[in-house]
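Enquirer: This one is run26.txt, compact mmCIF, C-alpha atoms.
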```
# COMPACT_ATOMS: atom_id res chain seq x y z
CA MET A 1 41.79 155.80 130.17
CA PRO A 2 38.58 153.78 130.30
CA THR A 3 35.87 154.65 127.82
CA VAL A 4 32.75 156.18 129.34
CA VAL A 5 29.49 155.72 127.53
CA THR A 6 26.92 158.39 128.27
CA THR A 7 23.27 158.27 127.38
CA ALA A 8 20.99 161.23 127.15
CA PRO A 9 18.06 161.15 129.59
CA PRO A 10 14.80 160.02 128.02
CA GLU A 11 12.35 162.66 126.95
CA PRO A 12 9.05 162.73 128.86
CA VAL A 13 5.99 160.97 127.50
CA THR A 14 3.22 163.41 126.67
CA THR A 15 -0.33 162.60 125.71
CA ALA A 16 -1.97 164.45 122.89
CA PRO A 17 -5.47 165.86 123.44
CA HIS A 18 -8.26 163.47 122.45
CA ALA A 19 -10.06 165.98 120.29
CA SER A 20 -7.12 167.37 118.33
CA ALA A 21 -7.56 168.15 114.64
CA ALA A 22 -4.99 165.50 113.64
CA ARG A 23 -6.40 162.73 115.86
CA PRO A 24 -10.12 163.32 116.51
CA ALA A 25 -11.47 161.27 119.40
CA ARG A 26 -8.38 159.04 119.53
CA ASP A 27 -6.51 157.70 122.57
CA ALA A 28 -3.11 157.58 120.84
CA PRO A 29 -0.50 159.61 122.77
CA ASP A 30 2.44 161.37 121.18
CA THR A 31 5.32 159.15 122.28
CA ALA A 32 7.67 159.30 119.28
CA ALA A 33 10.42 160.99 121.30
CA ALA A 34 10.11 158.47 124.13
CA PHE A 35 10.45 155.57 121.69
CA ARG A 36 13.57 157.12 120.20
CA SER A 37 15.04 157.43 123.70
CA LEU A 38 14.06 153.82 124.47
CA ALA A 39 15.83 152.56 121.37
CA ALA A 40 19.07 154.22 122.54
CA LEU A 41 18.96 152.93 126.11
CA PRO A 42 20.81 149.77 127.17
CA ALA A 43 19.13 147.11 129.29
CA GLY A 44 18.70 148.28 132.86
CA PRO A 45 16.45 150.17 135.27
CA GLU A 46 16.27 153.30 133.11
CA ARG A 47 15.07 151.34 130.08
CA GLU A 48 12.46 149.56 132.20
CA ARG A 49 11.23 152.90 133.54
CA VAL A 50 10.70 154.27 130.03
CA GLN A 51 8.88 151.10 129.03
CA GLU A 52 6.56 151.51 132.03
CA ASP A 53 5.88 155.14 131.05
CA LEU A 54 5.02 154.07 127.52
CA LEU A 55 2.84 151.27 128.82
CA ARG A 56 0.82 153.66 130.98
CA ALA A 57 0.48 156.11 128.10
CA TRP A 58 -0.88 153.51 125.67
CA LEU A 59 -3.03 151.50 128.10
CA PRO A 60 -6.27 153.36 127.16
CA MET A 61 -5.87 152.18 123.57
CA ALA A 62 -5.16 148.60 124.72
CA HIS A 63 -8.27 148.66 126.94
CA ARG A 64 -10.35 149.93 124.02
CA ILE A 65 -9.22 147.00 121.89
CA ALA A 66 -9.93 144.57 124.74
CA TRP A 67 -13.46 145.98 125.10
CA ARG A 68 -14.29 144.77 121.60
CA PHE A 69 -13.83 141.17 122.79
CA ARG A 70 -16.17 141.58 125.78
CA ASP A 71 -18.98 139.33 124.44
CA LYS A 72 -16.89 136.19 124.10
CA GLY A 73 -17.26 134.83 127.62
CA GLU A 74 -14.18 136.34 129.31
CA SER A 75 -14.20 138.93 132.08
CA THR A 76 -13.31 142.51 131.24
CA GLU A 77 -10.47 142.57 133.77
CA ASP A 78 -8.86 139.47 132.28
CA LEU A 79 -9.21 140.91 128.78
CA ARG A 80 -7.47 144.09 129.91
CA GLN A 81 -4.63 142.08 131.41
CA VAL A 82 -4.15 140.17 128.16
CA ALA A 83 -4.28 143.38 126.12
CA ALA A 84 -1.70 144.98 128.43
CA LEU A 85 0.59 141.99 127.88
CA GLY A 86 0.21 142.40 124.12
CA LEU A 87 0.97 146.10 124.46
CA LEU A 88 4.15 145.39 126.44
CA LYS A 89 5.30 142.96 123.75
CA ALA A 90 4.65 145.60 121.10
CA ILE A 91 6.65 148.22 123.02
CA ARG A 92 9.62 145.87 123.38
CA ARG A 93 9.61 144.88 119.71
CA PHE A 94 8.88 148.27 118.17
CA ASP A 95 11.48 149.93 115.95
CA PRO A 96 10.79 153.71 115.82
CA GLY A 97 12.64 153.95 112.53
CA ARG A 98 9.95 151.94 110.71
CA GLY A 99 6.97 154.23 111.24
CA PRO A 100 4.34 155.09 113.86
CA PHE A 101 3.75 152.86 116.84
CA GLU A 102 -0.05 152.60 116.67
CA PRO A 103 -0.31 150.60 113.38
CA PHE A 104 2.28 148.19 114.79
CA ALA A 105 0.72 147.86 118.24
CA ILE A 106 -2.92 147.24 117.26
CA PRO A 107 -2.32 143.92 115.40
CA THR A 108 0.03 142.79 118.17
CA ILE A 109 -2.58 143.40 120.88
CA ARG A 110 -5.36 141.80 118.84
CA GLY A 111 -3.17 138.79 118.17
CA GLU A 112 -2.49 138.37 121.87
CA LEU A 113 -6.22 138.49 122.62
CA ARG A 114 -7.00 135.95 119.90
CA ARG A 115 -4.29 133.63 121.19
CA HIS A 116 -5.82 133.91 124.65
CA PHE A 117 -9.20 132.76 123.37
CA ARG A 118 -7.61 130.06 121.25
CA ASP A 119 -5.45 128.59 124.01
CA ARG A 120 -7.32 129.29 127.25
CA MET A 121 -11.06 129.61 126.61
CA TRP A 122 -11.92 126.23 125.12
CA ASP A 123 -13.65 123.89 127.60
CA VAL A 124 -12.55 120.96 125.42
CA ARG A 125 -9.04 121.46 124.08
CA VAL A 126 -8.80 120.85 120.34
CA PRO A 127 -5.85 121.29 117.95
CA ARG A 128 -5.36 124.65 116.29
CA ARG A 129 -6.14 123.13 112.88
CA VAL A 130 -9.57 122.06 114.14
CA GLN A 131 -10.16 125.49 115.69
CA GLU A 132 -9.54 127.08 112.30
CA LEU A 133 -11.96 124.61 110.68
CA ARG A 134 -14.53 125.55 113.30
CA ASN A 135 -14.20 129.26 112.54
CA THR A 136 -14.49 128.67 108.79
CA VAL A 137 -17.53 126.41 109.12
CA ARG A 138 -19.21 128.74 111.62
CA ALA A 139 -18.85 131.74 109.28
CA ALA A 140 -20.22 129.78 106.31
CA TYR A 141 -23.08 128.40 108.41
CA ALA A 142 -24.08 131.91 109.52
CA GLU A 143 -24.06 133.16 105.91
CA LEU A 144 -26.15 130.29 104.55
CA ALA A 145 -28.57 130.27 107.48
CA HIS A 146 -29.52 133.90 106.89
CA VAL A 147 -30.43 133.45 103.24
CA PRO A 148 -34.16 134.33 102.88
CA GLY A 149 -36.21 131.16 102.74
CA GLY A 150 -33.13 129.05 103.34
CA ARG A 151 -33.09 125.95 105.50
CA ARG A 152 -30.44 124.60 107.81
CA PRO A 153 -27.27 124.26 105.70
CA THR A 154 -26.23 120.72 104.88
CA VAL A 155 -22.70 119.36 105.03
CA THR A 156 -22.54 119.40 101.22
CA GLN A 157 -23.61 123.05 101.06
CA LEU A 158 -21.07 124.03 103.70
CA ALA A 159 -18.36 122.16 101.83
CA ASP A 160 -19.23 123.98 98.59
CA ARG A 161 -19.27 127.31 100.41
CA THR A 162 -15.95 126.86 102.19
CA GLY A 163 -14.06 124.79 99.65
CA LEU A 164 -13.40 122.16 102.31
CA GLY A 165 -14.01 118.45 102.11
CA GLU A 166 -17.15 117.06 103.72
CA GLU A 167 -15.09 115.24 106.33
CA GLN A 168 -13.37 118.51 107.26
CA VAL A 169 -16.76 120.21 107.53
CA ARG A 170 -17.99 117.50 109.89
CA GLU A 171 -14.85 117.93 111.97
CA GLY A 172 -15.41 121.68 112.16
CA MET A 173 -19.09 121.20 113.09
CA ALA A 174 -18.09 118.83 115.89
CA ALA A 175 -15.71 121.49 117.21
CA LEU A 176 -18.59 123.99 117.35
CA GLU A 177 -19.79 122.17 120.46
CA SER A 178 -16.35 122.03 122.08
CA TYR A 179 -15.85 125.71 122.89
CA SER A 180 -18.12 125.70 125.92
CA ALA A 181 -19.35 122.78 127.99
CA LEU A 182 -22.86 122.25 129.33
CA SER A 183 -23.22 121.79 133.07
CA LEU A 184 -24.33 118.36 134.26
CA ASP A 185 -26.84 120.17 136.47
CA ALA A 186 -28.57 121.64 133.43
CA ALA A 187 -32.06 120.44 132.59
CA ASN A 188 -32.45 117.73 129.97
CA ALA A 189 -32.86 119.48 126.61
CA ASP A 190 -35.32 116.87 125.39
CA ALA A 191 -37.63 117.51 128.33
CA GLY A 192 -37.38 121.30 128.10
CA ALA A 193 -35.96 123.71 130.64
CA ASP A 194 -39.37 124.35 132.23
CA ALA A 195 -40.62 120.78 132.24
CA GLY A 196 -39.19 120.01 135.67
CA GLY A 197 -37.58 116.87 134.35
CA PRO A 198 -34.32 115.27 135.42
CA SER A 199 -30.96 116.92 134.91
CA ILE A 200 -28.36 115.61 132.50
CA ALA A 201 -26.39 114.09 135.39
CA GLU A 202 -29.44 112.09 136.49
CA LEU A 203 -29.72 110.53 133.04
CA LEU A 204 -26.12 109.37 132.89
CA GLY A 205 -25.46 105.70 133.43
CA GLY A 206 -23.32 104.40 136.24
CA PRO A 207 -21.21 101.32 136.94
CA ASP A 208 -23.22 98.11 136.95
CA ASP A 209 -22.36 96.01 140.00
CA GLY A 210 -23.67 92.98 138.18
CA PHE A 211 -20.55 92.85 136.01
CA GLU A 212 -18.33 92.49 139.08
CA LEU A 213 -20.62 89.75 140.38
CA VAL A 214 -20.20 87.81 137.13
CA VAL A 215 -16.42 88.10 137.40
CA ASP A 216 -16.48 86.93 141.01
CA ARG A 217 -18.68 83.93 140.24
CA GLU A 218 -16.51 82.84 137.33
CA SER A 219 -13.39 83.24 139.45
CA VAL A 220 -14.56 80.93 142.25
CA LYS A 221 -16.29 78.37 140.02
CA ASP A 222 -13.37 75.90 139.87
CA ALA A 223 -12.71 76.12 143.62
CA VAL A 224 -16.39 75.45 144.39
CA ARG A 225 -16.44 72.44 142.09
CA ARG A 226 -13.55 70.90 144.03
CA LEU A 227 -15.49 71.02 147.31
CA PRO A 228 -16.85 67.75 148.77
CA PRO A 229 -20.62 67.27 148.27
CA ARG A 230 -21.54 68.17 151.87
CA GLU A 231 -19.52 71.40 151.88
CA ARG A 232 -20.89 72.34 148.49
CA ALA A 233 -24.45 71.74 149.79
CA ILE A 234 -23.81 73.92 152.85
CA LEU A 235 -22.47 76.72 150.64
CA TYR A 236 -25.43 76.46 148.29
CA LEU A 237 -28.07 76.46 151.04
CA ARG A 238 -26.47 79.40 152.88
CA PHE A 239 -25.66 81.76 150.01
CA PHE A 240 -28.01 80.76 147.19
CA GLU A 241 -31.11 79.62 149.09
CA ASP A 242 -30.50 82.07 151.98
CA TRP A 243 -31.02 79.45 154.68
CA THR A 244 -30.02 80.25 158.26
CA GLN A 245 -27.22 78.33 159.93
CA SER A 246 -29.75 76.80 162.37
CA ARG A 247 -31.87 75.43 159.52
CA ILE A 248 -28.82 74.01 157.76
CA ALA A 249 -27.67 72.35 161.01
CA GLU A 250 -31.10 70.80 161.49
CA ARG A 251 -31.13 69.56 157.90
CA LEU A 252 -27.65 67.92 158.18
CA GLY A 253 -28.02 66.69 161.77
CA ILE A 254 -25.10 68.71 163.14
CA SER A 255 -24.75 71.68 165.48
CA GLN A 256 -25.06 75.31 164.40
CA MET A 257 -21.54 75.96 165.72
CA HIS A 258 -20.26 73.20 163.44
CA VAL A 259 -22.03 74.79 160.45
CA SER A 260 -20.50 78.18 161.29
CA ARG A 261 -17.01 76.66 161.54
CA LEU A 262 -17.45 74.80 158.23
CA LEU A 263 -18.60 77.96 156.42
CA THR A 264 -15.56 79.84 157.69
CA GLN A 265 -13.20 77.09 156.49
CA ILE A 266 -14.97 76.72 153.14
CA CYS A 267 -14.85 80.44 152.38
CA ALA A 268 -11.18 80.65 153.39
CA ARG A 269 -10.30 77.71 151.14
CA ILE A 270 -12.17 79.18 148.15
CA ARG A 271 -10.51 82.55 148.68
CA ASP A 272 -7.01 81.08 148.87
CA GLU A 273 -7.46 78.85 145.82
CA THR A 274 -8.91 81.72 143.81
CA LEU A 275 -6.30 84.34 144.73
CA HIS A 276 -3.30 81.99 144.78
CA PRO A 277 -4.11 79.05 142.52
CA ALA A 278 -0.46 78.04 142.04
CA GLU A 279 0.30 78.09 145.78
CA SER A 280 -2.89 76.64 147.21
CA GLY A 281 -2.43 73.07 145.91
CA ASP A 282 -4.97 70.77 147.55
CA PRO A 283 -5.41 72.07 151.10
CA GLN A 284 -6.89 69.93 153.78
CA LYS A 285 -10.65 69.70 153.43
CA PRO A 286 -12.84 70.87 156.28
CA THR A 287 -14.29 68.23 158.47
```
Go ahead and express the file in the form of structure tokens.
Expert:
Amino acid sequence: MPTVVTTAPPEPVTTAPHASAARPARDAPDTAAAFRSLAALPAGPERERVQEDLLRAWLPMAHRIAWRFRDKGESTEDLRQVAALGLLKAIRRFDPGRGPFEPFAIPTIRGELRRHFRDRMWDVRVPRRVQELRNTVRAAYAELAHVPGGRRPTVTQLADRTGLGEEQVREGMAALESYSALSLDAANADAGADAGGPSIAELLGGPDDGFELVVDRESVKDAVRRLPPRERAILYLRFFEDWTQSRIAERLGISQMHVSRLLTQICARIRDETLHPAESGDPQKPT
């Protein structure tokens, strides 16, 4: 006869009143029985249903924890989603035989929120080691900066305060500016926000076309030197002195059509010798 395994149905999740004598103004429901039922259930739809019931029961507490992170630049809805994920992880990992759920869930939810800020909220991604240096240096900086009559803390003072090396302090201070990026459309800080000056983007340098011109001139130099004197003179007058083809033709005593044909042949020869120096050899010179 096959063995039949039976499982008792899970007990309902009930929420304790918020203003009870044991838990004044708390959002922690009484779910001990539901957790015991969950621990006895095998994987399957019934276990998932109990997990969903527990998740709904404890969501107010998760949202309360998420609310404490509201001033860190993330939307409230996203914070609630992250807190709910941390709560689900806590429900799945919780062992009811080791004590109440709340002391286990709170650090799990907070840890999930901190990981979210550590991994997703940095505009410039830095290693975790540097993030920890940043937090240490920031805390020490805030303490020293609020000393009555104190000045801006130096690297040496921060190193003494934190027990870090000066190089580590500098690394942490550099990371202070990596958490959030400044828009290129923002006003130049040196000019002041109300000065009507240029934006940061307008002060950034751009590619200098002159560098490409230098490369092009150096590339064609050998091919130009190999030109016959007349062709070299035509090239010089047209592109360096900006003469018209008619003026060049009058100067050399030839037709403008002949000048146009010579310029086309000269430019083609220079291009071929520059791009394919090994294959060009000594092509026929224009006449």
Enquirer: Go through A:Asp160, A:Glu132, A:Glu74, A:Asp30 and flag the residue nearest A:Leu54, using all atoms listed in the file for the distances.
Expert: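 Ranking A:Asp160, A:Glu132, A:Glu74, A:Asp30 by distance to A:Leu54, first place goes to A:Asp30.
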Enquirer: Which value, in Å to one decimal, gives the distance between atom CA of A:Pro42 and atom CA of A:Ala28?
Expert: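 A separation of 25.9 Å between them.
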Enquirer: In Å to one decimal, how far is atom CA of A:Ala84 from atom CA of A:Pro96?
Expert: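 Separating atom CA of A:Pro96 from atom CA of A:Ala84 is a distance of 19.8 Å.
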Enquirer: Have a look at A:Ile270, A:Val155, A:Leu41, A:Leu262 and name the one nearest to A:Arg226; count all atoms listed in the file.
Expert: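 Ranking A:Ile270, A:Val155, A:Leu41, A:Leu262 by distance to A:Arg226, first place goes to A:Ile270.
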Enquirer: Distance atom CA of A:Tyr236-atom CA of A:Val214, one decimal place?
Expert: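 Computed distance, atom CA of A:Tyr236 to atom CA of A:Val214, equals 16.8 Å.
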Enquirer: So which residues touch A:Lys89 within 9 Å, counting only C-alpha atoms, skipping near sequence neighbours fewer than 6 positions away, as a list of chain:residue names?
Expert: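 These residues fall inside the cut-off: A:Ala105, A:Thr108, A:Ile109.
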Enquirer: Could you give me, as number ranges by chain, the residues within 12 Å of A:Thr156, counting all atoms listed in the file and dropping anything in the same chain fewer than 2 positions from it?
Expert: A: 137, 140-141, 144, 152-154, 158-170
Enquirer: Compare A:Ala249, A:Ala233, A:Leu85, A:Ile254 by their minimum atom-to-atom distance to A:Ile266, counting only C-alpha atoms, and give me the closest one.
Expert: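 With only C-alpha atoms as the atom set, the closest residue is A:Ala233.
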Enquirer: Restricting the calculation to all atoms listed in the file: of A:Pro103, A:Phe35, A:Ala175, A:Gln265, which residue gets closest to A:Leu133?
Expert: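 For A:Leu133, the nearest of the given residues is A:Ala175.
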Enquirer: Using all atoms of stretch 254-264 of chain A that appear in the file, construct an axis-aligned enclosing box with 5 Å of padding on every side and provide its centre coordinates and edge lengths in Å, rounded to one decimal, as JSON.
Expert:
```
{"center_x": -20.3, "center_y": 74.3, "center_z": 161.1, "size_x": 19.5, "size_y": 21.1, "size_z": 19.3}
```
Enquirer: Quick one: of A:Ala83, A:Arg230, A:Leu263, A:Arg47, who's nearest to A:Gln245, counting all atoms listed in the file?
Expert: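 Residue with the minimum atom-to-atom distance to A:Gln245: A:Leu263.
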Enquirer: Which is closest to A:Val220 among A:Val130, A:Met173, A:Cys267, A:Ala43, if we use only C-alpha atoms?
Expert: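 Among A:Val130, A:Met173, A:Cys267, A:Ala43, it is A:Cys267 that comes nearest to A:Val220.
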Enquirer: Would you mind completing stretch 99-110 of chain A to all heavy atoms and writing the output as a compact mmCIF listing (two decimals), keeping the file's coordinate frame?
Expert:
```txt
# COMPACT_ATOMS: atom_id res chain seq x y z
N GLY A 99 8.28 153.62 111.34
CA GLY A 99 6.97 154.23 111.24
C GLY A 99 6.32 154.42 112.58
O GLY A 99 6.93 154.20 113.64
N PRO A 100 5.04 154.83 112.59
CA PRO A 100 4.34 155.09 113.86
C PRO A 100 4.13 153.81 114.65
O PRO A 100 4.11 152.70 114.11
CB PRO A 100 2.99 155.68 113.41
CG PRO A 100 3.20 156.11 111.98
CD PRO A 100 4.22 155.19 111.41
N PHE A 101 3.91 154.01 115.96
CA PHE A 101 3.75 152.86 116.84
C PHE A 101 2.35 152.24 116.75
O PHE A 101 2.19 151.03 116.81
CB PHE A 101 4.03 153.29 118.29
CG PHE A 101 3.78 152.22 119.31
CD1 PHE A 101 4.60 151.09 119.38
CD2 PHE A 101 2.72 152.32 120.20
CE1 PHE A 101 4.37 150.10 120.31
CE2 PHE A 101 2.48 151.33 121.14
CZ PHE A 101 3.31 150.21 121.19
N GLU A 102 1.34 153.09 116.61
CA GLU A 102 -0.05 152.60 116.67
C GLU A 102 -0.34 151.51 115.63
O GLU A 102 -0.90 150.45 115.99
CB GLU A 102 -1.03 153.75 116.52
CG GLU A 102 -2.48 153.33 116.69
CD GLU A 102 -3.42 154.51 116.54
OE1 GLU A 102 -2.96 155.60 116.15
OE2 GLU A 102 -4.63 154.33 116.81
N PRO A 103 -0.01 151.67 114.36
CA PRO A 103 -0.31 150.60 113.38
C PRO A 103 0.43 149.30 113.68
O PRO A 103 -0.02 148.22 113.28
CB PRO A 103 0.15 151.20 112.05
CG PRO A 103 0.17 152.66 112.27
CD PRO A 103 0.54 152.85 113.71
N PHE A 104 1.56 149.39 114.41
CA PHE A 104 2.28 148.19 114.79
C PHE A 104 1.66 147.55 116.03
O PHE A 104 1.58 146.32 116.14
CB PHE A 104 3.75 148.56 115.07
CG PHE A 104 4.56 147.41 115.61
CD1 PHE A 104 5.08 146.44 114.77
CD2 PHE A 104 4.80 147.30 116.98
CE1 PHE A 104 5.82 145.39 115.26
CE2 PHE A 104 5.55 146.25 117.49
CZ PHE A 104 6.06 145.29 116.62
N ALA A 105 1.20 148.38 116.96
CA ALA A 105 0.72 147.86 118.24
C ALA A 105 -0.65 147.19 118.13
O ALA A 105 -0.91 146.17 118.78
CB ALA A 105 0.65 148.99 119.28
N ILE A 106 -1.54 147.76 117.32
CA ILE A 106 -2.92 147.24 117.26
C ILE A 106 -2.95 145.78 116.84
O ILE A 106 -3.59 144.95 117.51
CB ILE A 106 -3.78 148.12 116.34
CG1 ILE A 106 -4.02 149.48 117.00
CG2 ILE A 106 -5.11 147.44 116.02
CD1 ILE A 106 -4.79 150.46 116.14
N PRO A 107 -2.30 145.35 115.75
CA PRO A 107 -2.32 143.92 115.40
C PRO A 107 -1.67 143.04 116.46
O PRO A 107 -2.09 141.90 116.67
CB PRO A 107 -1.55 143.87 114.07
CG PRO A 107 -1.53 145.25 113.56
CD PRO A 107 -1.57 146.14 114.75
N THR A 108 -0.64 143.57 117.13
CA THR A 108 0.03 142.79 118.17
C THR A 108 -0.91 142.53 119.34
O THR A 108 -0.99 141.41 119.87
CB THR A 108 1.29 143.52 118.66
OG1 THR A 108 2.14 143.80 117.53
CG2 THR A 108 2.05 142.67 119.66
N ILE A 109 -1.64 143.55 119.76
CA ILE A 109 -2.58 143.40 120.88
C ILE A 109 -3.73 142.48 120.49
O ILE A 109 -4.13 141.60 121.25
CB ILE A 109 -3.10 144.78 121.33
CG1 ILE A 109 -1.94 145.64 121.85
CG2 ILE A 109 -4.18 144.63 122.39
CD1 ILE A 109 -2.31 147.09 122.11
N ARG A 110 -4.27 142.68 119.30
CA ARG A 110 -5.36 141.80 118.84
C ARG A 110 -4.90 140.35 118.75
O ARG A 110 -5.64 139.43 119.12
CB ARG A 110 -5.87 142.28 117.49
CG ARG A 110 -6.70 143.56 117.55
CD ARG A 110 -7.08 144.00 116.16
NE ARG A 110 -7.92 145.19 116.18
CZ ARG A 110 -8.23 145.89 115.09
NH1 ARG A 110 -7.76 145.52 113.91
NH2 ARG A 110 -9.00 146.97 115.20
```
